[in-house]
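Enquirer: input12.txt is reproduced below (compact mmCIF, C-alpha atoms).
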# COMPACT_ATOMS: atom_id res chain seq x y z
CA ASP A 1 148.85 106.81 76.23
CA ALA A 2 147.63 108.52 79.37
CA GLY A 3 150.14 108.97 82.12
CA VAL A 4 149.54 108.46 85.82
CA ILE A 5 146.38 110.25 86.84
CA GLN A 6 145.90 111.72 90.28
CA SER A 7 142.94 113.44 91.84
CA PRO A 8 142.30 115.89 93.24
CA ARG A 9 145.12 118.15 92.09
CA HIS A 10 144.62 120.46 95.04
CA GLU A 11 142.97 119.82 98.36
CA VAL A 12 142.46 122.26 101.21
CA THR A 13 140.92 120.84 104.34
CA GLU A 14 140.63 121.56 108.02
CA MET A 15 142.50 119.70 110.70
CA GLY A 16 140.67 116.58 111.77
CA GLN A 17 138.98 115.95 108.44
CA GLU A 18 139.46 112.81 106.39
CA VAL A 19 141.37 113.19 103.14
CA THR A 20 141.38 110.67 100.30
CA LEU A 21 143.83 110.92 97.45
CA ARG A 22 143.32 108.86 94.31
CA CYS A 23 145.64 107.42 91.70
CA LYS A 24 145.22 105.60 88.41
CA PRO A 25 148.51 104.07 87.27
CA ILE A 26 149.58 103.61 83.68
CA SER A 27 147.80 100.65 82.15
CA GLY A 28 149.92 97.52 82.27
CA HIS A 29 152.24 98.73 85.02
CA ASN A 30 152.75 96.25 87.84
CA SER A 31 154.06 98.51 90.58
CA LEU A 32 152.59 101.57 92.25
CA PHE A 33 154.25 103.96 94.65
CA TRP A 34 153.00 106.72 96.94
CA TYR A 35 155.45 109.51 97.80
CA ARG A 36 155.24 112.67 99.87
CA GLN A 37 157.37 115.74 99.13
CA THR A 38 158.07 118.66 101.44
CA MET A 39 160.75 121.31 101.47
CA MET A 40 162.12 120.01 104.75
CA ARG A 41 162.18 116.27 104.05
CA GLY A 42 162.33 116.06 100.26
CA LEU A 43 160.71 113.15 98.45
CA GLU A 44 159.82 110.28 100.77
CA LEU A 45 158.42 106.90 99.82
CA LEU A 46 155.34 106.12 101.87
CA ILE A 47 154.28 102.73 100.52
CA TYR A 48 154.49 100.66 97.38
CA PHE A 49 152.53 97.83 95.82
CA ASN A 50 153.56 95.07 93.44
CA ASN A 51 150.69 93.43 91.58
CA ASN A 52 148.21 95.15 93.93
CA VAL A 53 149.90 93.73 97.06
CA PRO A 54 151.50 96.12 99.58
CA ILE A 55 155.19 95.30 99.77
CA ASP A 56 156.73 97.97 101.96
CA ASP A 57 154.76 100.41 104.10
CA SER A 58 157.64 101.36 106.39
CA GLY A 59 157.45 104.95 105.17
CA MET A 60 153.88 105.47 106.29
CA PRO A 61 154.24 108.04 109.07
CA GLU A 62 151.63 106.69 111.45
CA ASP A 63 148.33 104.92 111.77
CA ARG A 64 146.47 107.95 110.47
CA PHE A 65 147.73 107.01 107.02
CA SER A 66 146.39 104.06 105.06
CA ALA A 67 146.64 102.96 101.44
CA LYS A 68 144.76 100.47 99.35
CA MET A 69 144.99 99.07 95.86
CA PRO A 70 141.78 97.15 95.20
CA ASN A 71 142.67 96.50 91.57
CA ALA A 72 145.40 97.11 89.03
CA SER A 73 143.96 100.43 87.89
CA PHE A 74 143.20 102.24 91.13
CA SER A 75 144.79 103.13 94.44
CA THR A 76 143.89 105.42 97.32
CA LEU A 77 145.86 107.07 100.08
CA LYS A 78 143.75 108.09 103.05
CA ILE A 79 144.63 110.35 105.96
CA GLN A 80 142.27 110.27 108.91
CA PRO A 81 142.32 112.50 110.86
CA SER A 82 144.42 115.03 108.95
CA GLU A 83 146.87 117.38 110.70
CA PRO A 84 148.60 120.58 109.53
CA ARG A 85 151.94 118.73 109.38
CA ASP A 86 150.47 116.50 106.66
CA SER A 87 150.55 119.46 104.28
CA ALA A 88 152.70 118.41 101.34
CA VAL A 89 152.61 117.34 97.72
CA TYR A 90 151.65 113.70 97.40
CA PHE A 91 152.84 111.92 94.28
CA CYS A 92 151.74 108.61 92.89
CA ALA A 93 154.09 106.78 90.52
CA SER A 94 153.94 103.53 88.60
CA SER A 95 156.52 101.34 86.93
CA PRO A 96 156.25 98.51 84.43
CA GLY A 97 157.89 95.75 86.40
CA VAL A 98 159.04 94.44 89.73
CA GLY A 99 162.56 95.79 89.75
CA PRO A 100 164.46 99.08 89.64
CA TYR A 101 162.65 100.31 86.55
CA GLU A 102 161.89 103.89 85.63
CA GLN A 103 159.05 105.26 87.70
CA TYR A 104 156.49 107.47 86.01
CA PHE A 105 155.06 110.09 88.30
CA GLY A 106 151.64 111.63 88.31
CA PRO A 107 151.21 115.42 88.59
CA GLY A 108 150.74 115.21 92.34
CA THR A 109 148.11 116.34 94.80
CA ARG A 110 148.95 119.50 96.73
CA LEU A 111 147.41 119.06 100.17
CA THR A 112 146.97 121.91 102.61
CA VAL A 113 145.61 121.17 106.07
CA THR A 114 144.64 124.26 108.05
CA ARG B 1 173.77 110.06 107.73
CA LYS B 2 171.32 110.23 104.85
CA GLU B 3 171.31 107.32 102.41
CA VAL B 4 171.63 109.65 99.42
CA GLU B 5 173.15 113.11 99.79
CA GLN B 6 173.34 115.99 97.38
CA ASP B 7 174.53 119.58 97.46
CA PRO B 8 171.25 121.53 97.37
CA GLY B 9 172.82 124.41 95.41
CA PRO B 10 171.73 126.51 93.71
CA PHE B 11 174.36 126.26 91.02
CA ASN B 12 174.16 129.48 89.05
CA VAL B 13 175.39 128.72 85.55
CA PRO B 14 175.89 131.10 82.62
CA GLU B 15 174.12 129.95 79.48
CA GLY B 16 176.51 127.87 77.39
CA ALA B 17 178.72 126.90 80.30
CA THR B 18 179.37 123.46 81.76
CA VAL B 19 178.17 122.46 85.21
CA ALA B 20 178.83 119.29 87.15
CA PHE B 21 177.70 118.03 90.51
CA ASN B 22 177.87 114.87 92.54
CA CYS B 23 175.73 112.73 94.74
CA THR B 24 177.02 110.35 97.42
CA TYR B 25 175.30 107.21 98.65
CA SER B 26 175.97 105.39 101.89
CA ASN B 27 175.12 101.79 101.09
CA SER B 28 177.86 99.98 99.20
CA ALA B 29 175.34 97.33 98.15
CA SER B 30 173.41 99.84 96.06
CA GLN B 31 172.68 98.37 92.68
CA SER B 32 171.05 100.85 90.32
CA PHE B 33 171.43 104.56 89.89
CA PHE B 34 169.45 107.26 88.15
CA TRP B 35 169.18 110.98 87.65
CA TYR B 36 165.69 112.47 87.67
CA ARG B 37 164.79 116.02 86.80
CA GLN B 38 162.09 118.02 88.57
CA ASP B 39 160.86 121.37 87.31
CA CYS B 40 159.30 123.83 89.73
CA ARG B 41 155.89 122.61 90.95
CA LYS B 42 156.02 119.61 88.60
CA GLU B 43 156.55 115.90 89.03
CA PRO B 44 159.98 114.22 88.81
CA LYS B 45 160.87 112.67 85.46
CA LEU B 46 163.66 110.28 84.57
CA LEU B 47 166.61 112.09 82.97
CA MET B 48 168.93 109.12 82.58
CA SER B 49 170.08 105.90 84.12
CA VAL B 50 173.69 105.67 85.30
CA TYR B 51 175.71 102.68 84.14
CA SER B 52 178.95 101.37 85.59
CA SER B 53 180.88 102.38 82.48
CA GLY B 54 179.40 105.85 82.45
CA ASN B 55 176.98 107.04 79.84
CA GLU B 56 176.15 110.05 77.79
CA ASP B 57 172.88 111.39 76.45
CA GLY B 58 173.37 114.43 74.30
CA ARG B 59 174.72 117.20 76.49
CA PHE B 60 174.36 115.12 79.65
CA THR B 61 177.02 112.76 80.98
CA ALA B 62 176.60 110.53 84.03
CA GLN B 63 179.39 108.72 85.84
CA LEU B 64 179.43 106.14 88.62
CA ASN B 65 182.32 105.69 91.04
CA ARG B 66 181.59 102.61 93.15
CA ALA B 67 184.86 102.78 95.07
CA SER B 68 184.06 106.24 96.41
CA GLN B 69 180.30 105.70 96.35
CA TYR B 70 179.24 108.65 94.30
CA ILE B 71 177.60 109.41 90.99
CA SER B 72 177.98 112.58 88.99
CA LEU B 73 176.08 114.51 86.37
CA LEU B 74 177.69 116.89 83.91
CA ILE B 75 175.74 119.24 81.69
CA ARG B 76 177.55 120.78 78.73
CA ASP B 77 176.48 123.87 76.80
CA SER B 78 173.82 124.71 79.38
CA LYS B 79 170.48 125.94 78.11
CA LEU B 80 167.99 128.11 79.94
CA SER B 81 165.64 125.13 79.83
CA ASP B 82 168.10 123.10 81.90
CA SER B 83 167.10 125.13 84.96
CA ALA B 84 165.57 122.56 87.29
CA THR B 85 166.25 120.45 90.34
CA TYR B 86 168.22 117.29 89.62
CA LEU B 87 167.44 114.35 91.87
CA CYS B 88 169.93 111.58 92.48
CA VAL B 89 168.15 108.24 92.85
CA VAL B 90 169.50 104.95 94.14
CA ASN B 91 168.07 101.45 94.29
CA ILE B 92 169.59 100.25 97.52
CA ALA B 93 168.14 96.79 97.92
CA ALA B 94 166.67 94.11 95.74
CA GLY B 95 163.28 95.03 94.46
CA ASN B 96 161.98 98.25 93.09
CA LYS B 97 162.25 100.65 96.01
CA LEU B 98 164.09 103.82 95.01
CA THR B 99 165.65 106.31 97.41
CA PHE B 100 165.75 109.92 96.30
CA GLY B 101 168.31 112.51 97.28
CA GLY B 102 167.23 115.99 98.27
CA GLY B 103 168.06 117.39 94.85
CA THR B 104 170.54 119.88 93.40
CA ARG B 105 169.04 123.06 92.05
CA VAL B 106 170.53 124.42 88.83
CA LEU B 107 169.75 127.90 87.53
CA VAL B 108 170.96 128.73 84.04
CA LYS B 109 171.09 132.45 83.37
CA PRO B 110 171.46 134.40 80.12
Since I need it in another form, could you write the structure as structure tokens?

Expert:
Amino acid sequence: DAGVIQSPRHEVTEMGQEVTLRCKPISGHNSLFWYRQTMMRGLELLIYFNNNVPIDDSGMPEDRFSAKMPNASFSTLKIQPSEPRDSAVYFCASSPGVGPYEQYFGPGTRLTVT
Amino acid sequence: RKEVEQDPGPFNVPEGATVAFNCTYSNSASQSFFWYRQDCRKEPKLLMSVYSSGNEDGRFTAQLNRASQYISLLIRDSKLSDSATYLCVVNIAAGNKLTFGGGTRVLVKP
């Protein structure tokens, strides 16, 4: 079985550009999570979806960030416009149910905004 | 105060030795607890869940102390491959939102 798939694995962009990160959760999983990890702040939950519906977006830093889950097999996290302080590793994770189940993480997207 | 706090380390451990470290959580209503492991430049992966009665998985033992609001992880007979960052994870509210601690770095040396 394929794990969580994220693309791109690395992204380097200039300040002000739009960035779109993509995630394909494990087939059959009902919940999807977007995290951001930095040395300073650790692993932070940005937003999560249950059955394709956004449940909690309180971790989204500001209006420049948006996330969608149009179907059970695809989600995007968009940053527009990007800023240097957005540089981080962005992880997508999925879990099989609506509850405190194990979360399976993708390999992450390492974003650098110059 | 952070919801989940950990000593960042690093804990430098001789190969074969035992190492233990704790994690404290601030919300007494926390319901589920986990330890995740993260290797350098890799994604976090579940190491083990932590049950109220404590649980063991091979060389790893996890304990929960609800009265003092901490969980612990003990690694026996440390291997070089145990070198990683160990993330304490708490489910604070109903639902599936998990809160991660900052991680404890463990370095096992020959």

Enquirer: Report as a list in words the set of chain A residues whose atoms approach chain B to within 7 Å, with distances computed over all atoms listed in the file.

Expert: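 Within 7 Å of chain B on chain A, we get Gly42, Leu43, Val98, Gly99, Pro100, Tyr101, Glu102, Tyr104, Phe105, Gly106, Pro107 and Gly108 of chain A.
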
Enquirer: Show me, as a list in words, the residues that have an atom within 9 Å of Gly16 (chain B) when counting only C-alpha atoms, minus same-chain residues fewer than 4 positions from it.

Expert: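 Neighbouring residues, sequence-local ones excluded: Arg76, Asp77, Ser78, Lys79, Leu80, Val108 and Pro110 of chain B.
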
Enquirer: So that I can check the surroundings of Asn65 (chain B), please list as a ChimeraX atom specification every protein, DNA and RNA residue that reaches within 9 Å of it, counting all atoms listed in the file and ignoring chain neighbours fewer than 6 positions away.

Expert: /B:52,71-72

Enquirer: Produce a file of the selected residues containing C-alpha atoms, as a compact mmCIF listing (two decimals), in the coordinates of the input.

Expert:
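Contents of result-v1.txt, freshly written:
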# COMPACT_ATOMS: atom_id res chain seq x y z
CA SER B 52 178.95 101.37 85.59
CA ILE B 71 177.60 109.41 90.99
CA SER B 72 177.98 112.58 88.99

Enquirer: Using CA of Thr85 (chain B) and CA of Asp57 (chain A) as the two end points, give the distance in Å to one decimal.

Expert: 26.9 Å

Enquirer: In terms of the shortest atom-to-atom distance over all atoms listed in the file, which of A:Met39, A:Ile47, A:Met15, A:Ile26 is closest to Ser73 (chain A)?

Expert: A:Ile26

Enquirer: For the point (154.5, 88.8, 91.3) in the file's frame, write as a list in words all residues with an atom no more than 10 Å away, counting only C-alpha atoms.

Expert: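 Residues with an atom close enough to that point: Asn30, Ser31, Asn50, Asn51, Asn52, Val53, Gly97 and Val98 of chain A.
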
Enquirer: One number please: CA of Cys23 (chain A) to CA of Tyr86 (chain B), in Å, one decimal.

Expert: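 Taking CA of Cys23 (chain A) and CA of Tyr86 (chain B), their separation equals 24.7 Å.
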
Enquirer: So how far away is CA of Leu46 (chain A) from CA of Leu73 (chain B), in Å?

Expert: 27.2 Å

Enquirer: Which of these, A:Arg85, A:Lys78, A:Arg64, A:Arg9, has the shortest distance to Met40 (chain A) once you count all atoms listed in the file?

Expert: A:Arg85

Enquirer: Could you give me, as a PDB file with C-alpha atoms, in the frame of the given file, the residues that have an atom at most 9 Å away from the point (152.1, 105.9, 84.2) in the coordinates of the file, using all atoms listed in the file?

Expert:
ATOM      1  CA  ASP A   1     148.850 106.810  76.230  1.00  0.00           C
ATOM      2  CA  ALA A   2     147.630 108.520  79.370  1.00  0.00           C
ATOM      3  CA  GLY A   3     150.140 108.970  82.120  1.00  0.00           C
ATOM      4  CA  VAL A   4     149.540 108.460  85.820  1.00  0.00           C
ATOM      5  CA  ILE A   5     146.380 110.250  86.840  1.00  0.00           C
ATOM      6  CA  LYS A  24     145.220 105.600  88.410  1.00  0.00           C
ATOM      7  CA  PRO A  25     148.510 104.070  87.270  1.00  0.00           C
ATOM      8  CA  ILE A  26     149.580 103.610  83.680  1.00  0.00           C
ATOM      9  CA  SER A  27     147.800 100.650  82.150  1.00  0.00           C
ATOM     10  CA  GLY A  28     149.920  97.520  82.270  1.00  0.00           C
ATOM     11  CA  HIS A  29     152.240  98.730  85.020  1.00  0.00           C
ATOM     12  CA  ALA A  93     154.090 106.780  90.520  1.00  0.00           C
ATOM     13  CA  SER A  94     153.940 103.530  88.600  1.00  0.00           C
ATOM     14  CA  SER A  95     156.520 101.340  86.930  1.00  0.00           C
ATOM     15  CA  PRO A  96     156.250  98.510  84.430  1.00  0.00           C
ATOM     16  CA  GLN A 103     159.050 105.260  87.700  1.00  0.00           C
ATOM     17  CA  TYR A 104     156.490 107.470  86.010  1.00  0.00           C
ATOM     18  CA  PHE A 105     155.060 110.090  88.300  1.00  0.00           C
ATOM     19  CA  GLY A 106     151.640 111.630  88.310  1.00  0.00           C
TER      20      GLY A 106
END

Enquirer: As a PyMOL selection string, please: the residues near Ile75 (chain B) (cut-off 12 Å, all atoms listed in the file, same-chain neighbours under 5 positions excluded).

Expert: chain B and resi 11+13-22+47+56-63+80-83+86+106+108

Enquirer: For Leu77 (chain A), work out the shell of residues within 9 Å, counting only C-alpha atoms and skipping chain neighbours fewer than 2 positions away, then give it as a list in words.

Expert: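 In the requested format, the answer is Val19, Thr20, Leu21, Arg22, Cys23, Trp34, Phe65, Ser66, Ala67, Lys68, Ser75 and Ile79 of chain A.
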